[in-house]
Structures are given as structure tokens and as C-alpha cells.
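To keep things clear, I will list the structure first and then write my remarks on it.
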Amino acid sequence: MLSPWGAVFIFLAVGIVFGAGGIATSFLVHPRRQYASKYEPYECGMETIGPTWVQFKTSYFLYALLFVIFDVETIYLYPWAVKFQSLGLFAFIEMLVFIFILVVGLWYAWKEGALEWM
Amino acid sequence: MGENLFTGIAAWLSALLNAAGVPLIANDIILMVVKFVAILVFILVNVLWLVYMERKVSAYIQCRIGPNRVGPKGLLQTVADIGKLLSKEIIIPRLSDKIVFLLAPVLIFVPPLMIMVVVPWGRDMAAVNMNIGVFYFLALASLSTLIFWMGGWSSYNKYSLVGAMRVVAQMVSYELPLVLALLGVIMLTGTLNMNTIIEAQRHTWFIFAQPLAFLIYFIAGVSETNRTPFDLVEGESEIIAGPYTEYSGMGYAMFMLAEYANVMLVSIMCTVMFLGGWLAPFGWTFIPSWFWFFIKVYVMIFIFMWIRWTYPRIRVDQLMGFGWKVLVPLSLANIFVTGVGMYIYRAIGW
């Protein structure tokens, strides 16, 4: 028997082949008329000023940090939700305490203005 | 007769290969590749049709006619578009990170395709009946973020960079409510297997048991697919085309196809988790289960399009504020209410 992960692997491999095939076909048939300005960054006809790979606004980083915290939370929540009906009241209250701690964290981030777009 | 059409074909093919003396493992692999090709063709045809449908829906909403020249009623418009894009030069900007730049359009279609492996298209019609199907979906759906980022960052274009930053911030922020909203359903069913979740909706669809979760999932789904009113990442009027600004020809087409495949995927998950999947409502089993699934998915897709052409785009601070200050607390509250509600139901012995 083919295991589920074997099937997933087949989908992964053939999916990449499909994507690469599409791009490769295009490379086989597309025209090539090369001139220098075609390969400049597209900016409405202006020449781009300064480097592009720069240090960026920190607000994005704050959201990413918050996301990591909550995403790890969901990893713990899923197994608990699957077993919710058989675990009983104690596990439910434990999970409420866990969520409560995270909500306090969210509240703190909110209060400190991490959720404001500046 | 229609009910067992596809399972019948699979069984016939398997028996044929067995009779030809193909070893069991090769038999399985051949069958899986056939399933893959069937799913791929199904998705591609649907995506081509969806682009056309979107243009038609938008046209009728704006009192226009929409594409009507290429083929009957304009049906071949998207096919012609793809043909045109295929014959256009793929421009690789001089300053870009060339390998990553080309890798992004190759990979962008892979996560949606890989998720399709667990989708139950009808009774016994999932390519793989995986016991952690929902988790698998969530894990792979978040991979798209990375590929958008690869494309946007490697382009060496300021619009692409801003667009890619917004993609990451937005998809990451709305993934939380999406994941937390599905938890309510998981608590009710106690399983991550999509087929079991559908079977559990035989009496009540979860849209009635979990209306708030459905709403949160729907809003987060619109946001995850970067569609209006949450399409800041590719807002034409400010950042041209966001992460795809530098892509031309087939590279652009791949991003476009992936976007519509993602719309389909979000609708499919909506159908599976909240609308009873392939179950027939009112006991109308004379329509095959896979056709019911198809109808429900298309109803959801139509609502997505309807919303896109009805609401204006919102501002980026409103977007993030809404995600973190409204949807995340609401989805956490939904888990709490579901848990307490289940204990109350059990206490009164329902």
C-alpha cells in the first residue's frame, strides 16, 4: 500500500514539475528582444533612486512576533480540541488558563501600542 | 448511476492494472498519478473558468457585458489570455536575485495543488483520506506567504518590496483568526479527518452550530486570498501590482492561476467545515454527492466575487486593527463559548 505521505510526495514532485514545465515552455517559445532599459526596475518611467533592499518599518516585525506567539498557541490548541470531549472539565479549565495568559499578552501588546499602525 | 462514476473509474483502473500483473505498489503509484492529473485538469479548467466568471460577474454588477468576443459568449477569453501570456518574454530584472525570482512562480502553484490531495470531492472521493486533513490544510496554506515574499523581495523593486511586506503582514495576521475559527468545529467533532467532519454534519450543518466561526473564517478567507476589500497587497492605484510588479508572461500567469486556485481552496474548506461537504440537503440524493460538493463550492465562490465588486478597499491601519483587535479576540471568545456550550448541553442531557 502507498502511504498517505507517499501520495503527498507524488503531488509535491509532480506539482513542481508542472510549475517548472510552465515556465520552461514559456522560455522555449517567447521572443527575445534585448535592450538595457528593459531590465531596469519598473518604476513608472523614472530611474530608481537608492537601494531597494533596505531596513524596513518595524511595525511589520512586531506583527510577526505576535504571530509567532499565537501560532505556537494554536499548535497546542489543536490536539486539545481533538480530545476535548474525552478530557473532561479539568483540561478545559487548564486550557482556559492558558488562553487567558495569552489574552493578557495580547492586551499588553494592545496597551503598549504594538497593534497601532504608525 | 452518477453517484459512483468516479470511484467506479478508479476501481476499474485498479482492477485493470492488477489483471495486467502490475505489482501492488506500482499500481498505487500509477493510480495516484492518474488522480493527480485528474485533479490538476479539474483545477486548471475551473481556474480558467473562474477568471472568465469573475470578469462576467464584475461586468454585470457594473452594468457592462464583459468579454463576449473570443469563442461562444467569450468563453475562450481566458484561454486566449493564457496563450498570449505564454508567448510573452519573461523579463528577469538586472538587479534581481535571479534564482529566487524564477523559483517563486514555479513554486506558487505547489501548495494549493498539494492541499487538493486531502479534499473529499464526493463520497469516498478524496485522493488520500488523511487523518489529520484539516491540520495539513492549515500547514500548507500558510506556505504561500513565503512564496509571495520570495517573489516580492527578489524582484529588487520598491513596489514589490512594499507589496511583499504587506502580503506577509496581512496573511500572517489573518491566519490566526482562520485557524482559531476552525477550532470550534474541531471541538464539536473531535477529529481532524475531513470525511468524518462531513459525516458529523448529517443532522446540522456547522454553519448553524458555529455561525460566528463561519463569519470569522469567511472574512479571514477573503483576506488570505488577498481579494477586495483586503487587496492592499496588490492595490493597483498605489503599488502597481504588489509582489508581481516585475513578473511578465508566464511568471505572471502562474501567480494569477494560483490566486484563483486559492479562492477555490478557501471555498472548498468552507464547504467541508461549515456547509456539509458532499452531503445532500433535504435528502435530495438523486443529485450525486460530488455534484452537491461542486454546487456548494460555486455558491461560496460567487459570494466571494460578489463581495469583491461590492466593497471598497480599506486602509492598512484598519486592516491590521480589524484583524488583531476584533477577529482574534472574537475567535478566542468563540472557543470559550463553544466549550462552555458543550458542557451545558451535556449537563441538560441533549
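Going by the C-alpha cells order, chains are called A, B, ..., each with residues numbered from 1, while ligands are numbered from 1 in the order shown.
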
Just asking: which residues within chain A are helix (DSSP H, G or I) according to DSSP, as a PyMOL selection string? chain A and resi 4-29+36-39+58-82+84-87+89-111

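Proximity to A:Thr52 at 10 Å, evaluated using only C-alpha atoms and with sequence-adjacent residues fewer than 5 positions away removed, yields A:Pro41, B:Leu95, B:Trp153, B:Ser155, B:Tyr156, B:Asn157, B:Lys158, B:Tyr159, B:Ser160, B:Leu161.
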
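When the distance limit is 9 Å and only C-alpha atoms are what count, the residues near stretch 70-76 of chain B, minus those fewer than 3 positions from it on the same chain, are B:Leu48, B:Trp49, B:Tyr52, B:Gly66, B:Pro67, B:Val79, B:Ala80, B:Asp81.
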
Residues of chain A that approach chain B to 8 Å or less, counting only C-alpha atoms: could you list each one with the shortest pair of atoms and its distance in Å to one decimal, rows by chain and increasing residue number, as a tab-separated table?
```
residue	atom	partner	partner_atom	distance
A:Met1	CA	B:Ile25	CA	5.9
A:Leu2	CA	B:Asp28	CA	5.9
A:Pro4	CA	B:Val128	CA	6.1
A:Ala7	CA	B:Met32	CA	6.5
A:Val8	CA	B:Met114	CA	6.7
A:Ile10	CA	B:Val33	CA	7.2
A:Phe11	CA	B:Met114	CA	5.7
A:Leu12	CA	B:Met114	CA	6.2
A:Gly15	CA	B:Val110	CA	5.2
A:Ile16	CA	B:Val110	CA	6.2
A:Phe18	CA	B:Val106	CA	8.0
A:Gly19	CA	B:Val106	CA	4.3
A:Ala20	CA	B:Val106	CA	5.2
A:Gly22	CA	B:Met250	CA	7.0
A:Ile23	CA	B:Met250	CA	6.0
A:Thr25	CA	B:Leu86	CA	7.8
A:Ser26	CA	B:Leu86	CA	5.2
A:Phe27	CA	B:Ile90	CA	7.3
A:Val29	CA	B:Ser87	CA	6.0
A:His30	CA	B:Ser87	CA	4.7
A:Pro31	CA	B:Glu89	CA	5.6
A:Arg32	CA	B:Glu89	CA	6.5
A:Lys38	CA	B:Ile91	CA	7.7
A:Tyr39	CA	B:Pro93	CA	4.4
A:Glu40	CA	B:Pro93	CA	5.8
A:Pro41	CA	B:Asn157	CA	5.6
A:Tyr42	CA	B:Glu246	CA	6.7
A:Glu43	CA	B:Asn157	CA	7.8
A:Thr52	CA	B:Lys158	CA	5.7
A:Trp53	CA	B:Tyr156	CA	7.1
A:Tyr60	CA	B:Ala169	CA	6.0
A:Tyr63	CA	B:Ala169	CA	6.7
A:Ala64	CA	B:Ala169	CA	7.0
A:Phe67	CA	B:Val172	CA	6.5
A:Phe70	CA	B:Leu176	CA	7.2
A:Asp71	CA	B:Leu176	CA	6.8
A:Thr74	CA	B:Leu180	CA	7.1
A:Leu77	CA	B:Leu183	CA	7.8
A:Tyr78	CA	B:Leu183	CA	6.9
A:Ala81	CA	B:Met187	CA	4.7
A:Val82	CA	B:Gly190	CA	4.1
A:Lys83	CA	B:Gly190	CA	6.0
A:Phe84	CA	B:Met187	CA	6.0
A:Gln85	CA	B:Gly190	CA	6.9
A:Phe92	CA	B:Gly339	CA	7.5
A:Leu96	CA	B:Phe336	CA	7.5
A:Ile99	CA	B:Leu332	CA	7.9
A:Val103	CA	B:Pro329	CA	8.0
A:Leu115	CA	B:Gly321	CA	6.6
A:Glu116	CA	B:Gly321	CA	7.0
A:Trp117	CA	B:Asp317	CA	5.1
```

Export, as a PDB file, in the first residue's frame, the selected residues with C-alpha atoms.
```
ATOM      1  CA  MET A   1       0.000   0.000   0.000  1.00  0.00           C
ATOM      2  CA  LEU A   2       1.116   3.522  -0.770  1.00  0.00           C
ATOM      3  CA  PRO A   4      -0.583   8.923   2.638  1.00  0.00           C
ATOM      4  CA  ALA A   7       0.840  10.263  -2.127  1.00  0.00           C
ATOM      5  CA  VAL A   8       1.689  13.711  -0.789  1.00  0.00           C
ATOM      6  CA  ILE A  10       3.912  12.392  -5.544  1.00  0.00           C
ATOM      7  CA  PHE A  11       1.763  15.532  -5.505  1.00  0.00           C
ATOM      8  CA  LEU A  12       4.753  17.630  -4.418  1.00  0.00           C
ATOM      9  CA  GLY A  15       3.395  19.896  -8.773  1.00  0.00           C
ATOM     10  CA  ILE A  16       6.935  21.264  -9.037  1.00  0.00           C
ATOM     11  CA  PHE A  18       4.095  21.313 -13.553  1.00  0.00           C
ATOM     12  CA  GLY A  19       5.286  24.753 -12.395  1.00  0.00           C
ATOM     13  CA  ALA A  20       8.758  24.338 -13.872  1.00  0.00           C
ATOM     14  CA  GLY A  22       5.045  26.040 -17.497  1.00  0.00           C
ATOM     15  CA  ILE A  23       7.963  28.414 -17.097  1.00  0.00           C
ATOM     16  CA  THR A  25       7.678  26.103 -22.092  1.00  0.00           C
ATOM     17  CA  SER A  26       7.481  29.857 -21.980  1.00  0.00           C
ATOM     18  CA  PHE A  27      11.270  30.098 -22.254  1.00  0.00           C
ATOM     19  CA  VAL A  29       8.602  29.944 -27.224  1.00  0.00           C
ATOM     20  CA  HIS A  30       8.958  33.520 -26.017  1.00  0.00           C
ATOM     21  CA  PRO A  31      10.658  36.208 -28.127  1.00  0.00           C
ATOM     22  CA  ARG A  32      13.933  37.823 -27.055  1.00  0.00           C
ATOM     23  CA  LYS A  38      14.064  46.694 -20.281  1.00  0.00           C
ATOM     24  CA  TYR A  39      15.939  45.079 -17.419  1.00  0.00           C
ATOM     25  CA  GLU A  40      15.828  48.082 -15.095  1.00  0.00           C
ATOM     26  CA  PRO A  41      13.395  48.037 -12.122  1.00  0.00           C
ATOM     27  CA  TYR A  42       9.932  49.099 -13.256  1.00  0.00           C
ATOM     28  CA  GLU A  43       9.057  52.458 -11.729  1.00  0.00           C
ATOM     29  CA  THR A  52      15.798  48.735  -2.614  1.00  0.00           C
ATOM     30  CA  TRP A  53      16.865  46.143  -0.053  1.00  0.00           C
ATOM     31  CA  TYR A  60       5.768  44.617  10.415  1.00  0.00           C
ATOM     32  CA  TYR A  63       3.126  41.743  13.978  1.00  0.00           C
ATOM     33  CA  ALA A  64       5.416  38.876  13.026  1.00  0.00           C
ATOM     34  CA  PHE A  67       2.017  35.946  15.159  1.00  0.00           C
ATOM     35  CA  PHE A  70      -0.169  32.937  18.826  1.00  0.00           C
ATOM     36  CA  ASP A  71       0.699  30.406  16.150  1.00  0.00           C
ATOM     37  CA  THR A  74      -2.653  27.067  18.077  1.00  0.00           C
ATOM     38  CA  LEU A  77      -4.864  24.089  20.949  1.00  0.00           C
ATOM     39  CA  TYR A  78      -5.422  21.624  18.100  1.00  0.00           C
ATOM     40  CA  ALA A  81      -9.607  20.404  20.660  1.00  0.00           C
ATOM     41  CA  VAL A  82      -9.488  16.914  19.139  1.00  0.00           C
ATOM     42  CA  LYS A  83      -9.552  15.300  22.582  1.00  0.00           C
ATOM     43  CA  PHE A  84     -11.834  17.930  24.115  1.00  0.00           C
ATOM     44  CA  GLN A  85     -14.833  15.635  24.642  1.00  0.00           C
ATOM     45  CA  PHE A  92     -10.980  22.645  29.738  1.00  0.00           C
ATOM     46  CA  LEU A  96      -8.809  28.487  29.645  1.00  0.00           C
ATOM     47  CA  ILE A  99      -5.662  31.162  26.725  1.00  0.00           C
ATOM     48  CA  VAL A 103      -5.042  37.174  26.136  1.00  0.00           C
ATOM     49  CA  LEU A 115      -1.192  46.908  17.343  1.00  0.00           C
ATOM     50  CA  GLU A 116      -1.381  50.534  16.224  1.00  0.00           C
ATOM     51  CA  TRP A 117      -0.241  51.296  12.697  1.00  0.00           C
TER      52      TRP A 117
END
```

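Taking atom CA of B:Phe230 as the reference point, atom CA of B:Phe304 is found at 11.8 Å.
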
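The environment of B:Leu232 within 10 Å, counting only C-alpha atoms and disregarding residues fewer than 5 places along the same chain, consists of Gly163, Arg166, Val167, Gln170, Ser223, Asn226, Arg227, Ser237, Glu238, Ile239, Ala241, Gly242, Arg313, Ile314, Arg315, Val316 and Leu319 of chain B.
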
Take the selection from the previous step and output its residues with N, CA and C atoms, as a PDB file, in the first residue's frame.
```pdb
ATOM      1  N   GLY B 163       4.782  45.634  -1.432  1.00  0.00           N
ATOM      2  CA  GLY B 163       3.714  44.646  -1.608  1.00  0.00           C
ATOM      3  C   GLY B 163       4.000  43.374  -0.843  1.00  0.00           C
ATOM      4  N   ARG B 166       3.522  43.775   2.804  1.00  0.00           N
ATOM      5  CA  ARG B 166       2.099  43.766   3.152  1.00  0.00           C
ATOM      6  C   ARG B 166       1.511  42.369   3.076  1.00  0.00           C
ATOM      7  N   VAL B 167       1.949  41.590   2.087  1.00  0.00           N
ATOM      8  CA  VAL B 167       1.444  40.212   1.994  1.00  0.00           C
ATOM      9  C   VAL B 167       1.746  39.466   3.281  1.00  0.00           C
ATOM     10  N   GLN B 170      -0.251  40.854   6.283  1.00  0.00           N
ATOM     11  CA  GLN B 170      -1.684  40.593   6.208  1.00  0.00           C
ATOM     12  C   GLN B 170      -1.999  39.115   6.334  1.00  0.00           C
ATOM     13  N   SER B 223      -9.392  37.651   3.196  1.00  0.00           N
ATOM     14  CA  SER B 223      -8.124  38.322   3.411  1.00  0.00           C
ATOM     15  C   SER B 223      -6.941  37.439   3.005  1.00  0.00           C
ATOM     16  N   ASN B 226      -6.138  37.567  -0.523  1.00  0.00           N
ATOM     17  CA  ASN B 226      -5.768  38.922  -0.961  1.00  0.00           C
ATOM     18  C   ASN B 226      -6.781  39.502  -1.937  1.00  0.00           C
ATOM     19  N   ARG B 227      -8.042  39.387  -1.621  1.00  0.00           N
ATOM     20  CA  ARG B 227      -9.052  39.945  -2.510  1.00  0.00           C
ATOM     21  C   ARG B 227      -9.700  41.153  -1.863  1.00  0.00           C
ATOM     22  N   SER B 237      -3.731  51.195  -7.529  1.00  0.00           N
ATOM     23  CA  SER B 237      -3.592  52.644  -7.533  1.00  0.00           C
ATOM     24  C   SER B 237      -2.415  53.114  -6.693  1.00  0.00           C
ATOM     25  N   GLU B 238      -1.872  52.270  -5.827  1.00  0.00           N
ATOM     26  CA  GLU B 238      -0.738  52.710  -5.021  1.00  0.00           C
ATOM     27  C   GLU B 238       0.550  51.929  -5.289  1.00  0.00           C
ATOM     28  N   ILE B 239       0.485  50.605  -5.420  1.00  0.00           N
ATOM     29  CA  ILE B 239       1.735  49.860  -5.603  1.00  0.00           C
ATOM     30  C   ILE B 239       1.684  48.965  -6.837  1.00  0.00           C
ATOM     31  N   ALA B 241       1.269  46.347  -8.903  1.00  0.00           N
ATOM     32  CA  ALA B 241       0.699  45.003  -8.747  1.00  0.00           C
ATOM     33  C   ALA B 241       1.299  44.288  -7.550  1.00  0.00           C
ATOM     34  N   GLY B 242       1.820  45.051  -6.585  1.00  0.00           N
ATOM     35  CA  GLY B 242       2.389  44.435  -5.402  1.00  0.00           C
ATOM     36  C   GLY B 242       3.543  43.507  -5.752  1.00  0.00           C
ATOM     37  N   ARG B 313     -11.889  49.195  -1.074  1.00  0.00           N
ATOM     38  CA  ARG B 313     -10.698  48.754  -0.360  1.00  0.00           C
ATOM     39  C   ARG B 313     -10.568  49.518   0.956  1.00  0.00           C
ATOM     40  N   ILE B 314     -10.080  48.836   1.999  1.00  0.00           N
ATOM     41  CA  ILE B 314      -9.912  49.519   3.284  1.00  0.00           C
ATOM     42  C   ILE B 314      -8.457  49.932   3.460  1.00  0.00           C
ATOM     43  N   ARG B 315      -8.197  50.772   4.473  1.00  0.00           N
ATOM     44  CA  ARG B 315      -6.841  51.269   4.710  1.00  0.00           C
ATOM     45  C   ARG B 315      -6.022  50.226   5.466  1.00  0.00           C
ATOM     46  N   VAL B 316      -4.694  50.375   5.400  1.00  0.00           N
ATOM     47  CA  VAL B 316      -3.850  49.338   6.003  1.00  0.00           C
ATOM     48  C   VAL B 316      -3.971  49.336   7.531  1.00  0.00           C
ATOM     49  N   LEU B 319      -7.085  47.555   8.347  1.00  0.00           N
ATOM     50  CA  LEU B 319      -6.918  46.128   8.089  1.00  0.00           C
ATOM     51  C   LEU B 319      -6.285  45.432   9.286  1.00  0.00           C
TER      52      LEU B 319
END
```

Would you mind reading off the distance between atom CA of B:Ser331 and atom CA of B:Trp121, one decimal, in Å? 28.0 Å

Who sits within 10 Å of B:Phe208, only C-alpha atoms, same chain under 4 positions skipped, as a VMD selection string: chain B and resid 204 212 to 214 274 to 275

Please write the residues from the selection above to a file, keeping N, CA and C atoms, as an mmCIF file, in the first residue's frame.
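Writing done, so here's again_2.cif:
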```
data_model
loop_
_atom_site.group_PDB
_atom_site.id
_atom_site.type_symbol
_atom_site.label_atom_id
_atom_site.label_comp_id
_atom_site.auth_asym_id
_atom_site.auth_seq_id
_atom_site.Cartn_x
_atom_site.Cartn_y
_atom_site.Cartn_z
ATOM 1 N N THR B 204 -27.051 18.546 11.368
ATOM 2 C CA THR B 204 -26.976 20.013 11.305
ATOM 3 C C THR B 204 -25.674 20.402 10.652
ATOM 4 N N LEU B 212 -20.698 32.159 14.247
ATOM 5 C CA LEU B 212 -19.630 33.152 14.418
ATOM 6 C C LEU B 212 -18.337 32.651 13.789
ATOM 7 N N ALA B 213 -18.040 31.376 14.003
ATOM 8 C CA ALA B 213 -16.824 30.807 13.419
ATOM 9 C C ALA B 213 -16.883 30.895 11.908
ATOM 10 N N PHE B 214 -18.064 30.635 11.343
ATOM 11 C CA PHE B 214 -18.204 30.713 9.890
ATOM 12 C C PHE B 214 -17.890 32.114 9.397
ATOM 13 N N PHE B 274 -18.220 23.879 7.082
ATOM 14 C CA PHE B 274 -19.442 24.534 7.556
ATOM 15 C C PHE B 274 -20.691 24.183 6.749
ATOM 16 N N LEU B 275 -20.537 23.796 5.492
ATOM 17 C CA LEU B 275 -21.723 23.603 4.653
ATOM 18 C C LEU B 275 -22.013 22.127 4.363
#
```

For atom CA of B:Trp292 and atom CA of B:Ala139, determine how far apart the two atoms are, in Å to one decimal place. 27.0 Å

Skipping near chain neighbours, those fewer than 3 positions away, what residues fall within 10 Å of B:Tyr260 using only C-alpha atoms, listed as a PyMOL selection string? chain B and resi 43-44+46-51+54+112+225+255-257+263-266+301

Mind writing the picked residues with all heavy atoms as a short mmCIF file (atom, residue, chain, number, x, y, z; two decimals), in the first residue's frame?
```cif
data_model
loop_
_atom_site.label_atom_id
_atom_site.label_comp_id
_atom_site.auth_asym_id
_atom_site.auth_seq_id
_atom_site.Cartn_x
_atom_site.Cartn_y
_atom_site.Cartn_z
N ILE B 43 -8.71 21.47 -11.75
CA ILE B 43 -8.40 22.78 -11.20
C ILE B 43 -8.13 23.77 -12.32
O ILE B 43 -8.64 24.89 -12.32
CB ILE B 43 -7.18 22.71 -10.27
CG1 ILE B 43 -7.53 21.93 -9.02
CG2 ILE B 43 -6.72 24.10 -9.86
CD1 ILE B 43 -6.33 21.63 -8.19
N LEU B 44 -7.33 23.35 -13.32
CA LEU B 44 -6.97 24.29 -14.39
C LEU B 44 -8.21 24.74 -15.16
O LEU B 44 -8.39 25.93 -15.43
CB LEU B 44 -5.96 23.65 -15.34
CG LEU B 44 -4.55 23.55 -14.80
CD1 LEU B 44 -3.64 22.93 -15.80
CD2 LEU B 44 -4.04 24.94 -14.42
N ASN B 46 -11.23 24.80 -14.04
CA ASN B 46 -12.01 25.66 -13.16
C ASN B 46 -11.41 27.04 -13.01
O ASN B 46 -12.13 28.03 -12.97
CB ASN B 46 -12.14 25.02 -11.78
CG ASN B 46 -13.36 24.16 -11.71
OD1 ASN B 46 -14.46 24.66 -11.58
ND2 ASN B 46 -13.16 22.88 -11.86
N VAL B 47 -10.06 27.09 -12.94
CA VAL B 47 -9.41 28.39 -12.77
C VAL B 47 -9.63 29.24 -14.01
O VAL B 47 -9.98 30.42 -13.92
CB VAL B 47 -7.90 28.20 -12.49
CG1 VAL B 47 -7.15 29.47 -12.72
CG2 VAL B 47 -7.70 27.74 -11.06
N LEU B 48 -9.49 28.62 -15.20
CA LEU B 48 -9.75 29.36 -16.43
C LEU B 48 -11.18 29.88 -16.45
O LEU B 48 -11.46 31.02 -16.79
CB LEU B 48 -9.50 28.46 -17.65
CG LEU B 48 -8.05 28.10 -17.93
CD1 LEU B 48 -7.96 27.21 -19.13
CD2 LEU B 48 -7.23 29.35 -18.15
N TRP B 49 -12.09 29.01 -16.04
CA TRP B 49 -13.50 29.40 -16.00
C TRP B 49 -13.73 30.48 -14.95
O TRP B 49 -14.51 31.41 -15.16
CB TRP B 49 -14.36 28.16 -15.72
CG TRP B 49 -15.68 28.46 -15.14
CD1 TRP B 49 -16.05 28.26 -13.85
CD2 TRP B 49 -16.81 29.04 -15.79
NE1 TRP B 49 -17.34 28.68 -13.67
CE2 TRP B 49 -17.83 29.16 -14.86
CE3 TRP B 49 -17.05 29.46 -17.11
CZ2 TRP B 49 -19.08 29.69 -15.16
CZ3 TRP B 49 -18.29 30.00 -17.41
CH2 TRP B 49 -19.30 30.10 -16.45
N LEU B 50 -13.02 30.39 -13.80
CA LEU B 50 -13.23 31.37 -12.72
C LEU B 50 -12.80 32.76 -13.14
O LEU B 50 -13.46 33.75 -12.81
CB LEU B 50 -12.44 30.96 -11.47
CG LEU B 50 -13.08 29.91 -10.60
CD1 LEU B 50 -12.20 29.62 -9.41
CD2 LEU B 50 -14.42 30.37 -10.13
N VAL B 51 -11.67 32.86 -13.88
CA VAL B 51 -11.23 34.17 -14.33
C VAL B 51 -12.30 34.78 -15.23
O VAL B 51 -12.66 35.95 -15.10
CB VAL B 51 -9.89 34.07 -15.08
CG1 VAL B 51 -9.47 35.43 -15.61
CG2 VAL B 51 -8.81 33.53 -14.17
N GLU B 54 -15.31 35.71 -13.10
CA GLU B 54 -15.07 36.95 -12.35
C GLU B 54 -15.31 38.16 -13.24
O GLU B 54 -15.93 39.15 -12.83
CB GLU B 54 -13.64 36.96 -11.81
CG GLU B 54 -13.27 38.28 -11.16
CD GLU B 54 -13.02 38.15 -9.68
OE1 GLU B 54 -11.91 37.82 -9.29
OE2 GLU B 54 -13.98 38.38 -8.94
N PRO B 112 -1.31 25.01 -3.19
CA PRO B 112 -2.72 24.69 -3.46
C PRO B 112 -2.91 23.30 -4.04
O PRO B 112 -3.84 22.58 -3.64
CB PRO B 112 -3.16 25.75 -4.47
CG PRO B 112 -2.11 26.74 -4.57
CD PRO B 112 -0.91 26.27 -3.85
N THR B 225 -6.80 35.27 0.70
CA THR B 225 -6.66 35.20 -0.75
C THR B 225 -6.36 36.56 -1.36
O THR B 225 -6.33 36.70 -2.58
CB THR B 225 -7.92 34.61 -1.39
OG1 THR B 225 -9.04 35.29 -0.84
CG2 THR B 225 -8.04 33.15 -1.13
N PHE B 255 1.13 33.24 -11.06
CA PHE B 255 0.59 33.90 -9.86
C PHE B 255 -0.92 34.06 -9.96
O PHE B 255 -1.65 33.86 -8.99
CB PHE B 255 1.25 35.28 -9.68
CG PHE B 255 2.58 35.21 -9.00
CD1 PHE B 255 3.74 35.43 -9.70
CD2 PHE B 255 2.65 34.92 -7.65
CE1 PHE B 255 4.96 35.37 -9.07
CE2 PHE B 255 3.88 34.85 -7.01
CZ PHE B 255 5.03 35.08 -7.73
N MET B 256 -1.37 34.40 -11.16
CA MET B 256 -2.81 34.58 -11.38
C MET B 256 -3.55 33.26 -11.15
O MET B 256 -4.56 33.21 -10.46
CB MET B 256 -3.00 35.03 -12.84
CG MET B 256 -3.81 36.26 -13.02
SD MET B 256 -3.38 37.50 -11.87
CE MET B 256 -4.96 37.94 -11.29
N LEU B 257 -3.02 32.18 -11.76
CA LEU B 257 -3.66 30.87 -11.60
C LEU B 257 -3.70 30.48 -10.14
O LEU B 257 -4.71 29.99 -9.63
CB LEU B 257 -2.88 29.81 -12.39
CG LEU B 257 -2.92 29.88 -13.90
CD1 LEU B 257 -2.07 28.77 -14.51
CD2 LEU B 257 -4.34 29.74 -14.40
N VAL B 263 -8.61 30.83 -4.14
CA VAL B 263 -10.02 31.16 -3.92
C VAL B 263 -10.85 29.89 -3.86
O VAL B 263 -11.70 29.71 -2.99
CB VAL B 263 -10.53 32.09 -5.03
CG1 VAL B 263 -12.04 32.23 -4.97
CG2 VAL B 263 -9.87 33.44 -4.94
N MET B 264 -10.56 28.98 -4.79
CA MET B 264 -11.29 27.72 -4.82
C MET B 264 -11.06 26.94 -3.53
O MET B 264 -11.99 26.36 -2.96
CB MET B 264 -10.78 26.88 -5.99
CG MET B 264 -11.84 26.52 -6.96
SD MET B 264 -11.10 25.56 -8.25
CE MET B 264 -11.74 23.98 -7.81
N LEU B 265 -9.80 26.95 -3.08
CA LEU B 265 -9.44 26.19 -1.90
C LEU B 265 -10.16 26.70 -0.65
O LEU B 265 -10.67 25.91 0.15
CB LEU B 265 -7.93 26.31 -1.71
CG LEU B 265 -7.27 25.16 -1.03
CD1 LEU B 265 -7.52 23.92 -1.83
CD2 LEU B 265 -5.80 25.43 -0.97
N VAL B 266 -10.21 28.03 -0.50
CA VAL B 266 -10.89 28.59 0.66
C VAL B 266 -12.37 28.23 0.60
O VAL B 266 -12.97 27.87 1.62
CB VAL B 266 -10.68 30.12 0.71
CG1 VAL B 266 -11.58 30.75 1.73
CG2 VAL B 266 -9.24 30.42 1.04
N ILE B 301 -17.88 30.61 -4.01
CA ILE B 301 -17.03 31.42 -4.90
C ILE B 301 -17.81 32.63 -5.40
O ILE B 301 -17.28 33.74 -5.47
CB ILE B 301 -16.53 30.56 -6.07
CG1 ILE B 301 -15.52 29.53 -5.57
CG2 ILE B 301 -15.88 31.43 -7.14
CD1 ILE B 301 -15.05 28.58 -6.62
#
```
